[in-house]
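Participant: So that we are looking at the same thing, I have put the structure below in structure tokens.
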Amino acid sequence: MKKAITALLFAGGALLLTGLALAFLVAPMAVNQKGVEIFSQKIFYFHVPVSETSLLAFVLGAVFGAMFLVNKNPKYDFLSLAAVEIGFVFGLLVEWTGVIWTRAEWGVWWTWEPRLTSYFILMLMYAGYFVLRSSVNEESAKARFSAVYSIVAAVNAPLTFFAIRLIPSVHPVVFDSSGAHMEASMLAAFLVSMSGMLIFSTALLLLRYQLQTAREELDYLKNEFGG
Amino acid sequence: MGIKEALPYVVGAYMGIWVVLLGYVFIMNNRLSGVKKELGALSEALEKRSRK
């Protein structure tokens, strides 16, 4: 497993670096409606991949949570925890890059527009997931409550995704039903970064899952043999 | 905002991402090594106990 994780980390990292090179060296500079070049748009090439990855991880956390409720197999609880944690870490990166982009483009650090607001609520809900996990001591109850919570919280993921498509917003919509609104070289840079982010996050998920499995094994041995 | 003005924001955004991603890998890997070391020591102690 360790070899697979290392391979995924390197493959994801290499794709991310390639995406970065394509974004800065090949993709043209975006231009606004006044014909002015927008350099801060370069943030898009990592901002959107971390955002999509975080939403996907939250949904995956809910799927594993549901699988735990059906099978009662602890491995699904560990996978759900790993997915939610990865989603949360990526969510922090979404907030970080989003706030920087907002400041660079709109001149403010924060504005209560639909995407920023819905994502902020999503992050608060997932912060609650970790509070819940740390406040329940009994293992099976912790896993059960967390699984239910992860499913309920994941309802926010599609709401956040569609927020700027359903409610009028100043947040840019690059992809819609008519396709991607960007040049081919920009799309290529984006797709390479997106693939890199997905592969890298898969490696992180497996690494976190492995850590949780090892921890549980250690706790079991300690409890069993009074270590 | 031109390149010169936007550069610190773009660099800051990308730096943040790399620092967090690599930091997370480092922390997880460190914790995993620690737990595995503890598991090894515990298994060894249990083996010794069972031999007695």
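Every chain in the structure tokens has a letter given in the order shown (A, B, ...), and although residue numbers restart at 1 in each chain, ligands are simply numbered from 1 in the order shown.
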Sorted by chain and rising residue number, list the residues of chain B at most 8 Å from chain A (counting only C-alpha atoms), each with its closest atom pair and distance in Å to one decimal, as a Markdown table.
Facilitator:
```
| residue | atom | partner | partner_atom | distance |
| --- | --- | --- | --- | --- |
| B:Met1 | CA | A:Ile38 | CA | 6.5 |
| B:Gly2 | CA | A:Phe39 | CA | 6.4 |
| B:Ile3 | CA | A:Phe39 | CA | 5.4 |
| B:Ala6 | CA | A:Ser40 | CA | 5.6 |
| B:Leu7 | CA | A:Ser40 | CA | 7.5 |
| B:Tyr9 | CA | A:Ile100 | CA | 6.0 |
| B:Val10 | CA | A:Ser40 | CA | 5.9 |
| B:Gly12 | CA | A:Ile100 | CA | 7.9 |
| B:Ala13 | CA | A:Thr97 | CA | 5.1 |
| B:Tyr14 | CA | A:Ile43 | CA | 7.4 |
| B:Gly16 | CA | A:Leu93 | CA | 7.5 |
| B:Ile17 | CA | A:Leu93 | CA | 6.2 |
| B:Val20 | CA | A:Leu93 | CA | 7.8 |
| B:Val25 | CA | A:Leu204 | CA | 7.0 |
| B:Met28 | CA | A:Arg208 | CA | 6.6 |
| B:Asn29 | CA | A:Leu207 | CA | 7.6 |
| B:Arg31 | CA | A:Leu211 | CA | 7.3 |
| B:Leu32 | CA | A:Leu211 | CA | 5.2 |
| B:Val35 | CA | A:Arg215 | CA | 6.4 |
| B:Lys36 | CA | A:Ala214 | CA | 6.9 |
| B:Glu38 | CA | A:Leu218 | CA | 7.6 |
| B:Leu39 | CA | A:Leu218 | CA | 5.8 |
| B:Leu42 | CA | A:Gly227 | CA | 7.6 |
```
Participant: Within 7 Å of stretch 188-190 of chain A, counting only C-alpha atoms, which residues qualify if same-chain residues fewer than 6 places away don't, as a list of chain:residue names?
Facilitator: A:Gly19, A:Leu22, A:Ala23, A:Ala27, A:Tyr45
Participant: May I have the residues within 7 Å of A:Ser54 as an MDAnalysis selection string, using only C-alpha atoms and disregarding those fewer than 5 positions away in the same chain?
Facilitator: chainID A and resid 87:88 90:91
Participant: Filtering to N, CA and C atoms, could you give me those residues as a compact mmCIF listing (two decimals), in the first residue's frame?
Facilitator:
```txt
# COMPACT_ATOMS: atom_id res chain seq x y z
N GLY A 87 -11.48 16.44 2.52
CA GLY A 87 -12.39 17.48 2.02
C GLY A 87 -12.22 18.78 2.81
N PHE A 88 -12.03 18.65 4.12
CA PHE A 88 -11.89 19.83 4.98
C PHE A 88 -10.57 20.56 4.70
N PHE A 90 -8.83 20.47 1.94
CA PHE A 90 -8.96 21.10 0.62
C PHE A 90 -9.91 22.30 0.71
N GLY A 91 -10.90 22.19 1.56
CA GLY A 91 -11.84 23.30 1.77
C GLY A 91 -11.13 24.54 2.31
```
